[in-house]
$ cat target08.cif   # mmCIF, C-alpha atoms
data_input
#
loop_
_atom_site.label_atom_id
_atom_site.label_comp_id
_atom_site.auth_asym_id
_atom_site.auth_seq_id
_atom_site.Cartn_x
_atom_site.Cartn_y
_atom_site.Cartn_z
CA MET A 1 27.63 25.47 -6.89
CA LYS A 2 24.36 25.95 -8.77
CA PRO A 3 22.04 28.61 -7.39
CA VAL A 4 18.73 27.30 -6.01
CA GLN A 5 15.78 28.69 -7.90
CA LEU A 6 13.18 29.60 -5.33
CA VAL A 7 9.55 29.04 -6.22
CA PRO A 8 7.11 31.59 -4.82
CA THR A 9 4.64 30.43 -2.17
CA ALA A 10 1.67 30.95 -4.51
CA CYS A 11 3.26 28.55 -6.97
CA GLN A 12 3.90 25.94 -4.28
CA ALA A 13 0.27 26.20 -3.15
CA ALA A 14 -1.01 25.85 -6.71
CA ARG A 15 1.28 22.90 -7.48
CA ARG A 16 -0.01 21.08 -4.44
CA TYR A 17 -3.41 20.93 -6.16
CA VAL A 18 -2.22 20.19 -9.68
CA ASP A 19 -2.44 16.39 -9.43
CA SER A 20 -5.95 16.56 -7.96
CA TYR A 21 -6.94 18.98 -10.71
CA ILE A 22 -5.58 16.65 -13.40
CA ASP A 23 -7.41 13.73 -11.82
CA ASN A 24 -10.67 15.69 -11.67
CA GLU A 25 -10.73 15.45 -7.88
CA LEU A 26 -10.81 19.17 -7.01
CA THR A 27 -13.88 20.93 -5.71
CA VAL A 28 -15.24 23.82 -7.75
CA ASP A 29 -13.96 26.29 -5.11
CA SER A 30 -10.43 24.92 -5.31
CA ILE A 31 -10.51 24.95 -9.09
CA HIS A 32 -11.36 28.66 -8.91
CA GLN A 33 -8.26 29.17 -6.78
CA VAL A 34 -5.92 27.14 -8.96
CA LEU A 35 -7.05 28.11 -12.46
CA PRO A 36 -6.32 31.86 -12.28
CA HIS A 37 -2.81 31.09 -11.05
CA LEU A 38 -2.15 28.60 -13.84
CA GLU A 39 -3.34 31.16 -16.37
CA SER A 40 -1.04 33.84 -15.03
CA CYS A 41 2.10 31.81 -14.19
CA ALA A 42 4.02 30.33 -17.11
CA ASP A 43 6.15 28.06 -14.88
CA CYS A 44 3.16 26.52 -13.14
CA LYS A 45 1.28 26.16 -16.40
CA ARG A 46 4.25 24.24 -17.78
CA TYR A 47 4.33 22.14 -14.60
CA PHE A 48 0.62 21.38 -15.02
CA GLU A 49 1.05 20.44 -18.67
CA GLU A 50 4.01 18.21 -17.80
CA ARG A 51 1.99 16.33 -15.19
CA ARG A 52 -0.99 15.98 -17.50
CA SER A 53 1.10 14.71 -20.40
CA LEU A 54 2.83 12.28 -18.03
CA LYS A 55 -0.53 10.88 -16.90
CA LEU A 56 -1.62 10.46 -20.53
CA ALA A 57 1.73 8.93 -21.48
CA VAL A 58 1.48 6.38 -18.65
CA LYS A 59 -2.00 5.34 -19.73
CA LYS A 60 -1.02 5.15 -23.39
CA ALA A 61 2.10 3.08 -22.62
CA VAL A 62 0.23 0.58 -20.46
CA LEU A 63 -2.68 0.27 -22.90
CA SER A 64 -0.21 -0.29 -25.74
CA THR A 65 0.30 -3.79 -24.28
CA ASP A 66 -3.42 -4.59 -24.62
CA SER A 67 -3.10 -6.85 -27.65
CA ALA A 68 -1.50 -9.47 -25.40
CA TYR A 69 -4.63 -9.79 -23.29
CA SER A 70 -7.89 -10.66 -25.01
CA ALA A 71 -11.24 -11.37 -23.34
CA ASP A 72 -10.55 -15.04 -23.86
CA ALA A 73 -13.34 -17.35 -22.67
CA ALA A 74 -11.01 -20.36 -22.90
CA TRP A 75 -8.50 -18.65 -20.60
CA LEU A 76 -11.21 -18.10 -17.99
CA THR A 77 -12.52 -21.65 -18.29
CA LYS A 78 -9.01 -23.01 -17.85
CA THR A 79 -8.39 -20.76 -14.87
CA LEU A 80 -11.61 -21.74 -13.13
CA ALA A 81 -10.88 -25.41 -13.80
CA ARG A 82 -8.05 -25.07 -11.28
CA ASP A 83 -10.77 -24.89 -8.65
CA GLY A 84 -11.96 -28.47 -9.30
CA ALA A 85 -8.48 -29.73 -10.04
CA LEU A 86 -7.29 -28.50 -6.69
CA THR A 87 -10.14 -30.26 -4.91
CA ARG A 88 -9.39 -33.52 -6.75
CA ARG A 89 -5.72 -33.30 -5.87
CA VAL A 90 -6.56 -32.67 -2.24
CA VAL A 91 -8.89 -35.69 -2.12
CA MET A 92 -6.30 -37.97 -3.75
CA MET A 93 -3.67 -36.92 -1.25
CA ALA A 94 -6.06 -36.96 1.68
CA VAL A 95 -5.86 -40.63 2.72
CA PRO A 96 -2.07 -41.11 2.99
CA GLY A 97 -1.72 -37.47 4.02
CA ALA A 98 -4.19 -37.81 6.87
CA LEU A 99 -2.25 -40.70 8.36
CA ALA A 100 1.07 -38.86 8.23
CA ALA A 101 -0.51 -35.65 9.43
CA GLY A 102 -2.12 -37.45 12.37
CA VAL A 103 1.22 -38.65 13.65
CA ALA A 104 3.02 -35.39 13.00
CA GLY A 105 0.07 -33.34 14.23
CA LEU A 106 0.11 -34.97 17.63
CA GLY A 107 3.65 -33.74 18.24
CA VAL A 108 2.91 -30.31 16.82
CA PHE A 109 -0.25 -30.02 18.90
CA ARG A 110 1.66 -30.71 22.09
CA PHE A 111 4.15 -28.00 21.20
CA TRP A 112 1.49 -25.45 20.21
CA ARG A 113 -0.68 -26.13 23.20
CA ARG A 114 2.03 -24.72 25.46
CA ARG A 115 2.13 -21.29 23.80
CA PRO A 116 -0.14 -21.47 20.75
CA ASP A 117 0.46 -17.93 19.60
CA ASP A 118 4.18 -17.54 20.30
CA VAL A 119 5.27 -17.60 16.68
CA GLN A 120 2.45 -15.33 15.53
CA MET A 121 3.08 -12.82 18.29
CA THR A 122 6.76 -12.71 17.39
CA ARG A 123 5.75 -11.78 13.85
CA MET A 124 3.67 -8.93 15.25
CA LEU A 125 6.51 -7.77 17.48
CA ALA A 126 8.83 -7.84 14.47
CA ALA A 127 6.48 -5.37 12.77
CA ALA A 128 6.88 -3.02 15.76
CA VAL A 129 10.67 -3.32 15.54
CA MET A 130 10.50 -2.51 11.81
CA ASP A 131 8.67 0.74 12.63
CA HIS A 132 11.22 1.61 15.35
CA LYS A 133 14.09 1.07 12.90
CA HIS A 134 12.37 3.10 10.21
CA CYS A 135 11.35 6.18 12.19
CA ALA A 136 13.30 6.27 15.48
CA MET A 137 16.60 4.83 14.29
CA GLY A 138 16.11 6.51 10.92
CA GLY A 139 15.99 9.89 12.67
CA MET A 140 12.51 10.72 11.39
CA TYR A 141 11.59 12.98 14.30
CA PRO A 142 12.15 16.67 14.95
CA ALA A 143 15.24 17.93 16.78
CA THR A 144 13.06 19.67 19.35
CA PRO A 145 10.04 17.92 20.93
CA ARG A 146 6.92 18.33 18.85
CA PRO A 147 4.16 20.35 20.59
CA ASP A 148 1.01 18.49 21.64
CA GLU A 149 -1.19 20.42 19.20
CA GLU A 150 0.93 19.29 16.27
CA MET A 151 0.98 15.72 17.49
CA ALA A 152 -2.81 15.83 17.93
CA ALA A 153 -3.21 17.07 14.36
CA ALA A 154 -0.95 14.29 13.07
CA LEU A 155 -2.63 11.55 15.10
CA GLY A 156 -6.24 12.56 14.53
CA PRO A 157 -9.02 12.75 17.14
CA GLN A 158 -9.25 8.98 17.59
CA TYR A 159 -5.69 8.67 18.86
CA THR A 160 -5.15 12.12 20.41
CA PRO A 161 -5.98 10.74 23.93
CA LEU A 162 -2.82 8.62 23.64
CA ILE A 163 -0.76 11.79 24.06
CA ALA A 164 -1.98 12.12 27.65
CA VAL A 165 -1.25 8.44 28.26
CA VAL A 166 2.30 8.80 26.96
CA ARG A 167 2.88 12.03 28.87
CA GLY A 168 1.57 10.35 32.03
CA LEU A 169 4.12 7.55 31.93
CA SER A 170 6.58 9.46 34.17
CA SER A 171 9.23 7.31 32.61
CA GLY A 172 12.02 9.88 32.61
CA TYR A 173 11.85 10.29 28.87
CA GLN A 174 11.08 13.33 26.75
CA VAL A 175 8.26 12.86 24.24
CA GLN A 176 10.01 13.83 21.04
CA GLU A 177 7.46 12.89 18.43
CA GLY A 178 3.97 11.48 17.92
CA HIS A 179 2.80 10.71 14.42
CA ARG A 180 1.13 8.27 12.08
CA CYS A 181 3.37 6.51 9.63
CA GLU A 182 3.31 3.69 7.15
CA VAL A 183 6.05 1.12 6.98
CA GLY A 184 5.97 -2.08 4.97
CA GLY A 185 2.26 -1.74 4.23
CA ARG A 186 1.18 -1.25 7.86
CA ASN A 187 -0.15 1.96 9.37
CA TYR A 188 1.32 2.83 12.74
CA ILE A 189 0.56 5.19 15.61
CA HIS A 190 4.04 5.97 16.76
CA PHE A 191 5.53 7.91 19.68
CA ILE A 192 9.28 8.40 19.92
CA LEU A 193 10.69 9.10 23.40
CA LYS A 194 14.21 10.19 24.11
CA ASN A 195 16.50 10.34 27.10
CA GLY A 196 19.99 11.39 26.06
CA ALA A 197 21.03 8.88 23.43
CA ASP A 198 18.37 6.33 24.47
CA LEU A 199 15.45 6.06 22.09
CA VAL A 200 12.19 4.34 22.88
CA SER A 201 9.34 3.70 20.47
CA LEU A 202 5.77 3.28 21.67
CA THR A 203 4.14 1.97 18.57
CA SER A 204 0.87 0.32 17.69
CA PHE A 205 -0.79 -0.83 14.53
CA GLU A 206 -4.17 -2.19 13.58
CA ARG A 207 -4.29 -5.88 13.02
CA MET A 208 -4.80 -6.68 9.35
CA LYS A 209 -7.09 -9.26 7.83
CA ASP A 210 -4.24 -11.66 7.19
CA ASP A 211 -2.72 -11.37 10.64
CA PRO A 212 -3.10 -14.31 13.00
CA PRO A 213 -6.19 -14.12 15.24
CA LEU A 214 -4.41 -13.40 18.50
CA PRO A 215 -6.51 -13.25 21.66
CA VAL A 216 -6.80 -9.84 23.32
CA SER A 217 -4.49 -9.86 26.33
CA ALA A 218 -2.73 -7.27 28.45
CA ASP A 219 -0.05 -9.88 29.24
CA LEU A 220 3.27 -8.63 27.94
CA ARG A 221 4.99 -10.74 25.30
CA GLU A 222 8.66 -10.15 24.75
CA SER A 223 11.34 -10.83 22.24
CA VAL A 224 14.70 -9.59 21.02
CA ILE A 225 14.61 -8.98 17.28
CA ASP A 226 17.48 -7.62 15.21
CA GLY A 227 19.19 -6.55 18.42
CA PHE A 228 16.18 -4.57 19.69
CA ALA A 229 14.21 -5.49 22.78
CA VAL A 230 10.47 -5.43 22.25
CA SER A 231 7.67 -5.90 24.74
CA GLY A 232 4.09 -5.86 23.48
CA PHE A 233 0.48 -6.74 24.10
CA VAL A 234 -2.69 -7.32 22.13
CA ALA A 235 -5.45 -4.72 22.47
CA SER A 236 -8.92 -5.09 21.00
CA ARG A 237 -8.02 -3.67 17.58
CA HIS A 238 -4.30 -3.00 17.79
CA VAL A 239 -1.07 -4.70 18.64
CA ALA A 240 1.00 -2.29 20.71
CA ALA A 241 4.64 -2.58 21.68
CA VAL A 242 7.55 -0.77 23.27
CA VAL A 243 10.86 -1.08 21.45
CA THR A 244 14.23 -0.02 22.78
CA ALA A 245 17.75 -1.36 23.30
CA ASP A 246 17.36 -2.81 26.79
CA PRO A 247 14.89 -5.68 27.48
CA ALA A 248 14.29 -4.64 31.12
CA GLU A 249 13.56 -1.06 30.03
CA ALA A 250 11.21 -2.20 27.26
CA ARG A 251 9.30 -4.25 29.81
CA ARG A 252 9.21 -1.42 32.36
CA VAL A 253 7.85 1.15 29.89
CA ALA A 254 5.41 -1.36 28.40
CA ARG A 255 4.00 -2.05 31.87
CA LEU A 256 3.38 1.68 32.31
CA PHE A 257 1.97 2.11 28.79
CA SER A 258 -0.30 -0.92 28.64
CA PRO A 259 -3.20 0.03 31.00
CA GLY A 260 -3.93 3.42 29.43
CA ALA A 261 -3.22 2.44 25.84
CA SER A 262 -5.46 -0.65 26.03
CA GLN A 263 -8.46 1.61 26.69
CA ILE A 264 -7.87 3.52 23.45
CA LEU A 265 -6.49 0.86 21.15
CA MET B 266 -32.58 -30.46 -3.43
CA THR B 267 -31.27 -33.43 -5.44
CA LEU B 268 -27.66 -33.82 -6.57
CA LEU B 269 -28.76 -32.96 -10.09
CA GLY B 270 -30.43 -29.82 -8.76
CA PHE B 271 -27.22 -28.71 -7.02
CA GLN B 272 -25.25 -29.35 -10.18
CA ARG B 273 -27.63 -27.24 -12.28
CA GLN B 274 -27.57 -24.43 -9.75
CA GLY B 275 -23.77 -24.54 -9.80
CA GLU B 276 -23.77 -24.36 -13.59
CA ARG B 277 -26.10 -21.34 -13.55
CA GLU B 278 -23.86 -19.54 -11.04
CA ARG B 279 -20.79 -20.37 -13.08
CA ALA B 280 -22.43 -19.02 -16.24
CA ALA B 281 -23.48 -15.84 -14.41
CA PHE B 282 -19.94 -15.37 -13.12
CA GLU B 283 -18.35 -15.94 -16.51
CA ALA B 284 -20.74 -13.44 -18.12
CA VAL B 285 -19.61 -10.60 -15.84
CA ALA B 286 -16.00 -11.69 -15.44
CA GLN B 287 -15.05 -12.28 -19.06
CA PRO B 288 -15.10 -8.59 -20.14
CA LEU B 289 -12.65 -7.82 -17.31
CA ILE B 290 -10.05 -10.39 -18.39
CA PRO B 291 -7.88 -8.05 -20.51
CA GLU B 292 -7.62 -5.25 -17.98
CA ILE B 293 -7.11 -7.54 -14.99
CA ARG B 294 -4.37 -9.51 -16.79
CA ARG B 295 -2.73 -6.32 -18.02
CA HIS B 296 -2.98 -4.64 -14.61
CA ALA B 297 -1.59 -7.72 -12.83
CA VAL B 298 1.40 -7.98 -15.17
CA HIS B 299 2.29 -4.30 -14.79
CA LEU B 300 1.66 -4.38 -11.05
CA MET B 301 3.99 -7.34 -10.51
CA GLY B 302 6.43 -6.02 -13.12
CA ASN B 303 6.86 -9.52 -14.50
CA PRO B 304 4.66 -11.42 -17.04
CA ALA B 305 4.89 -14.81 -15.32
CA GLU B 306 4.06 -13.47 -11.86
CA GLY B 307 1.37 -11.21 -13.30
CA GLU B 308 -0.31 -14.05 -15.14
CA ASP B 309 -0.19 -16.15 -12.00
CA LEU B 310 -1.77 -13.31 -10.04
CA ALA B 311 -4.50 -12.72 -12.66
CA GLN B 312 -5.51 -16.39 -12.58
CA ASP B 313 -5.57 -16.30 -8.81
CA VAL B 314 -7.76 -13.18 -8.86
CA PHE B 315 -10.41 -14.80 -11.04
CA LEU B 316 -10.27 -18.00 -9.05
CA THR B 317 -10.69 -16.08 -5.80
CA ALA B 318 -13.50 -14.00 -7.31
CA TRP B 319 -15.30 -17.16 -8.43
CA ARG B 320 -14.93 -18.78 -5.01
CA SER B 321 -16.26 -15.62 -3.34
CA PHE B 322 -18.88 -14.84 -5.95
CA ALA B 323 -21.69 -15.79 -3.55
CA LYS B 324 -20.54 -12.91 -1.32
CA PHE B 325 -20.68 -10.35 -4.12
CA GLN B 326 -23.61 -8.01 -3.59
CA GLN B 327 -25.61 -7.85 -6.81
CA GLY B 328 -26.14 -4.30 -7.97
CA THR B 329 -22.79 -3.04 -6.66
CA ASN B 330 -19.72 -2.38 -8.80
CA PHE B 331 -18.37 -5.78 -9.91
CA ARG B 332 -15.29 -4.23 -11.56
CA ALA B 333 -14.29 -2.41 -8.34
CA TRP B 334 -14.93 -5.63 -6.39
CA VAL B 335 -12.60 -7.63 -8.63
CA PHE B 336 -9.94 -4.90 -8.46
CA GLN B 337 -10.23 -4.97 -4.67
CA ILE B 338 -9.49 -8.70 -4.83
CA LEU B 339 -6.58 -7.99 -7.16
CA VAL B 340 -5.09 -5.48 -4.74
CA ASN B 341 -5.46 -7.86 -1.77
CA ARG B 342 -4.08 -10.86 -3.61
CA SER B 343 -1.15 -8.86 -5.02
CA HIS B 344 0.02 -8.22 -1.46
CA HIS B 345 0.07 -11.99 -0.85
CA PHE B 346 1.90 -12.53 -4.09
CA ARG B 347 4.62 -10.05 -3.24
CA LYS B 348 5.29 -12.02 -0.08
CA LYS B 349 5.16 -15.23 -2.08
CA TYR B 350 7.80 -14.00 -4.46
CA PHE B 351 9.94 -12.63 -1.62
CA ARG B 352 9.96 -9.21 -3.11
CA LEU B 353 9.26 -7.12 -0.08
CA ARG B 354 10.46 -3.92 -1.62
CA GLN B 355 9.38 -1.76 1.20
CA LEU B 356 8.24 1.71 0.46
CA LYS B 357 10.50 4.30 1.94
CA GLU B 358 8.14 7.12 2.76
CA GLU B 359 10.90 9.67 2.67
CA GLU B 360 9.92 13.24 2.48
CA GLU B 361 10.35 14.77 -0.90
CA SER B 362 13.57 16.73 -0.76
CA MET B 363 13.50 20.48 -0.66
CA MET B 364 15.37 20.52 -3.93
CA ASP B 365 12.55 18.56 -5.60
CA GLN B 366 10.06 21.07 -4.30
CA LEU B 367 11.99 24.04 -5.56
CA ARG B 368 13.41 22.69 -8.77
CA ALA B 369 11.89 24.12 -11.95
CA PRO B 370 10.00 21.42 -13.84
CA GLU B 371 12.02 19.46 -16.35
CA PRO B 372 10.16 19.21 -19.65
CA LEU B 373 9.19 15.66 -20.52
CA PRO B 374 10.45 14.92 -24.04
CA GLU B 375 7.80 13.57 -26.38
CA ALA B 376 10.26 11.31 -28.19
CA LEU B 377 10.26 8.76 -25.36
CA LYS B 378 9.05 5.30 -26.27
CA ASP B 379 6.26 3.39 -24.49
CA THR B 380 8.85 0.85 -23.39
CA ASP B 381 10.82 3.60 -21.60
CA ILE B 382 7.70 4.61 -19.73
CA LEU B 383 6.87 0.98 -18.87
CA ASP B 384 10.42 0.49 -17.59
CA ALA B 385 10.08 3.59 -15.42
CA ILE B 386 6.74 2.33 -14.04
CA ARG B 387 8.30 -1.06 -13.30
CA ALA B 388 11.11 0.63 -11.35
CA LEU B 389 8.69 2.41 -8.99
CA PRO B 390 8.27 1.13 -5.43
CA ASP B 391 5.36 -1.34 -5.23
CA ALA B 392 3.05 1.00 -3.33
CA HIS B 393 3.64 3.83 -5.81
CA ARG B 394 3.23 1.64 -8.89
CA GLU B 395 -0.02 0.28 -7.45
CA VAL B 396 -1.52 3.77 -7.10
CA VAL B 397 -0.33 5.01 -10.50
CA LEU B 398 -1.89 2.03 -12.27
CA LEU B 399 -5.18 2.36 -10.39
CA ALA B 400 -5.42 6.14 -10.90
CA ASP B 401 -3.85 6.80 -14.29
CA VAL B 402 -4.74 3.64 -16.17
CA GLN B 403 -7.86 2.27 -14.51
CA GLU B 404 -9.06 5.78 -13.60
CA PHE B 405 -10.49 4.88 -10.23
CA SER B 406 -11.24 7.86 -8.01
CA TYR B 407 -9.04 8.67 -5.01
CA ARG B 408 -11.87 7.54 -2.76
CA GLU B 409 -12.17 4.17 -4.52
CA ILE B 410 -8.40 3.62 -4.41
CA ALA B 411 -8.26 4.54 -0.73
CA ALA B 412 -10.99 1.97 -0.03
CA MET B 413 -9.19 -0.72 -2.03
CA LEU B 414 -5.87 -0.13 -0.30
CA ASP B 415 -7.44 0.55 3.09
CA VAL B 416 -5.48 3.79 3.51
CA PRO B 417 -6.56 7.45 3.93
CA ILE B 418 -7.20 9.51 0.78
CA GLY B 419 -4.24 11.73 1.75
CA THR B 420 -1.94 8.72 1.49
CA VAL B 421 -3.26 7.98 -2.00
CA MET B 422 -2.60 11.59 -3.00
CA SER B 423 0.90 11.70 -1.59
CA ARG B 424 1.87 8.35 -3.15
CA LEU B 425 0.53 9.50 -6.51
CA ASN B 426 2.39 12.80 -6.25
CA ARG B 427 5.67 11.08 -5.41
CA ALA B 428 5.18 8.42 -8.05
CA ARG B 429 4.62 11.02 -10.77
CA THR B 430 7.59 13.07 -9.62
CA THR B 431 9.80 9.97 -9.64
CA LEU B 432 8.52 8.97 -13.08
CA ARG B 433 9.22 12.43 -14.46
CA HIS B 434 12.77 12.45 -13.12
CA LYS B 435 13.45 8.95 -14.42
CA LEU B 436 12.09 9.76 -17.85
CA ALA B 437 14.03 13.02 -18.02
CA ALA B 438 17.18 11.04 -17.16
CA THR B 439 16.34 8.43 -19.84
CA ALA B 440 15.86 11.18 -22.40
CA ALA B 441 19.15 12.75 -21.41
CA ALA B 442 20.86 9.37 -21.84
CA TYR B 443 19.44 9.15 -25.38
CA GLY B 444 20.62 12.68 -26.05
CA ILE B 445 17.07 13.87 -26.72
CA LYS B 446 16.84 17.64 -26.66
CA GLU B 447 14.14 19.09 -24.50
CA LYS B 448 12.14 20.81 -27.16
CA ASN B 449 10.65 23.62 -25.13
CA LYS B 450 13.55 24.36 -22.83
CA GLU B 451 14.68 27.34 -24.81
CA GLY B 452 11.13 28.60 -25.23
CA ALA B 453 10.53 28.41 -21.51
CA ALA B 454 13.78 30.07 -20.52
#
$ encode --input "target08.cif" --output "structure tokens"
Amino acid sequence: MKPVQLVPTACQAARRYVDSYIDNELTVDSIHQVLPHLESCADCKRYFEERRSLKLAVKKAVLSTDSAYSADAAWLTKTLARDGALTRRVVMMAVPGALAAGVAGLGVFRFWRRRPDDVQMTRMLAAAVMDHKHCAMGGMYPATPRPDEEMAAALGPQYTPLIAVVRGLSSGYQVQEGHRCEVGGRNYIHFILKNGADLVSLTSFERMKDDPPLPVSADLRESVIDGFAVSGFVASRHVAAVVTADPAEARRVARLFSPGASQIL
Amino acid sequence: MTLLGFQRQGERERAAFEAVAQPLIPEIRRHAVHLMGNPAEGEDLAQDVFLTAWRSFAKFQQGTNFRAWVFQILVNRSHHFRKKYFRLRQLKEEEESMMDQLRAPEPLPEALKDTDILDAIRALPDAHREVVLLADVQEFSYREIAAMLDVPIGTVMSRLNRARTTLRHKLAATAAAYGIKEKNKEGAA
């Protein structure tokens, strides 16, 4: 077995700032903290030079492909011509298309009028399940419950009031974790609750520009996705959901979570 | 306004757009190709970016940074394109292992070719590659990148840190596969 080479704390602290220093993003005060260490520590100086040469190498390698891309006016003209071409194609297809669409649309409209946002909401609930699988099922929470102060620091002042909401659920679960995370390009506010082997995620995420415009509603919408039961609702900015193994339990916890969370989200 | 008047106004707007957009063609095409990791998809994305920029040109606020505005469009459209090409390589935000934190830095051999580095960039997770290209090649500030990606600055910093660490490990492994000696290993020991 190879011995682990321990790096002193001062080195770890300095290395944390090295990228920002290379990218010219450090304040003068921080530079004054980092520079003396780099001058006195050969290992960290080498680390700094490695990172800097890597940054330069990346830029050089990417720019080496520049000859393939000239500021070609003809390329731009051709690209922008797609705008008109698209319009012309649409107009040419419009007459026969409109007739077919009218017939098909009538049937679709009847279906959508019943629950117009079912499909879209299922997509949103699937995002909540993805977060549950990533963090809760992936074991990304501490073995012992995280203290409120640490959760508050992780969540930020805007979402700290959620801690009280989650603690007030009286749901029989222990609040194991509260954090912000990013999964699949979405940013989540995520609480993980535990009762023995049962794991429950209370997760919410801001709706993105490309998400369907779902109406704000405290009505719970439910689904079973990838074997997980999910029960969620649409708040003014967020979609929030409770994910666990049992549909009845997901619904029960979501009913408790919804009133308080809706005020914050 | 007459039909002829509308047409002339449209022509003037088109000329104004082309004047500011044309200088950006090389870097947008290059960025798109490296971001998508594939020339055909990158070219498709670049065309879409300019088309989208032209269609939204009326919304561009004169006097603000046109380059940053176009890159913002590029970032947004690239997310659509990844879905389009069914390449949802999701970023696993795993914590950097303790070994990575403690390991002494591996010297990056200078004998590596640009193609090795491009291959290593292409192999990065999408979210990491995106940040490396915006920071290291386009030299946008952390603040600008955070605004483009709609994430906190801390996320930009951590993605950049992980991306560079991954690149360094990959390139060290490539060098080892070539049998390139690390020139300053002895000197550093």
$ residues_around --input "target08.cif" --residues "B:Phe322" --least-positions-apart "3" --cutoff "12 Å" --atoms "all atoms listed in the file" --output "JSON, numbers by chain"
{"B": [275, 278, 279, 280, 281, 282, 283, 285, 286, 314, 315, 316, 317, 318, 319, 325, 326, 327, 331, 334, 335, 338]}
$ closest_atom_pairs --input "target08.cif" --of "chain A" --to "chain B" --cutoff "7 Å" --atoms "all atoms listed in the file" --output "Markdown table"
| residue | atom | partner | partner_atom | distance |
| --- | --- | --- | --- | --- |
| A:Gln5 | CA | B:Leu367 | CA | 6.4 |
| A:Leu6 | CA | B:Leu367 | CA | 5.7 |
| A:Val7 | CA | B:Leu367 | CA | 5.6 |
| A:Asp19 | CA | B:Asn426 | CA | 6.8 |
| A:Tyr47 | CA | B:Pro370 | CA | 5.8 |
| A:Glu50 | CA | B:Leu373 | CA | 6.4 |
| A:Lys55 | CA | B:Asp401 | CA | 5.9 |
| A:Val58 | CA | B:Ile382 | CA | 6.6 |
| A:Lys59 | CA | B:Val402 | CA | 4.8 |
| A:Ala61 | CA | B:Asp379 | CA | 4.6 |
| A:Val62 | CA | B:Leu383 | CA | 6.8 |
| A:Asp66 | CA | B:Arg295 | CA | 6.9 |
| A:Tyr69 | CA | B:Pro291 | CA | 4.6 |
| A:Ser70 | CA | B:Pro291 | CA | 5.2 |
| A:Ala71 | CA | B:Ile290 | CA | 5.2 |
| A:Ala73 | CA | B:Gln287 | CA | 6.5 |
| A:Thr79 | CA | B:Gln312 | CA | 5.7 |
| A:Leu80 | CA | B:Leu316 | CA | 5.7 |
| A:Asp83 | CA | B:Leu316 | CA | 6.9 |
| A:Val183 | CA | B:Leu356 | CA | 6.9 |
| A:Gly184 | CA | B:Gln355 | CA | 5.1 |
$ axis_aligned_box --input "target08.cif" --around "stretch 403-416 of chain B" --padding-each-side "3 Å" --output "AutoDock Vina command-line options"
--center_x -8.8 --center_y 4.0 --center_z -5.5 --size_x 12.7 --size_y 15.4 --size_z 24.0
$ atom_distance --input "target08.cif" --atom1 "atom CA of A:Arg52" --atom2 "atom CA of B:Pro390"
21.3 Å
$ atom_distance --input "target08.cif" --atom1 "atom CA of A:Glu49" --atom2 "atom CA of B:Ala411"
25.7 Å
$ resolve_selection --input "target08.cif" --expression "the PyMOL selection byres ((chain A and resi 15) around 10)" --output "number ranges by chain"
A: 9-14, 16-21, 34, 37-38, 44-45, 47-48; B: 366
$ atom_distance --input "target08.cif" --atom1 "atom CA of A:Gly168" --atom2 "atom CA of A:Gly260"
9.2 Å
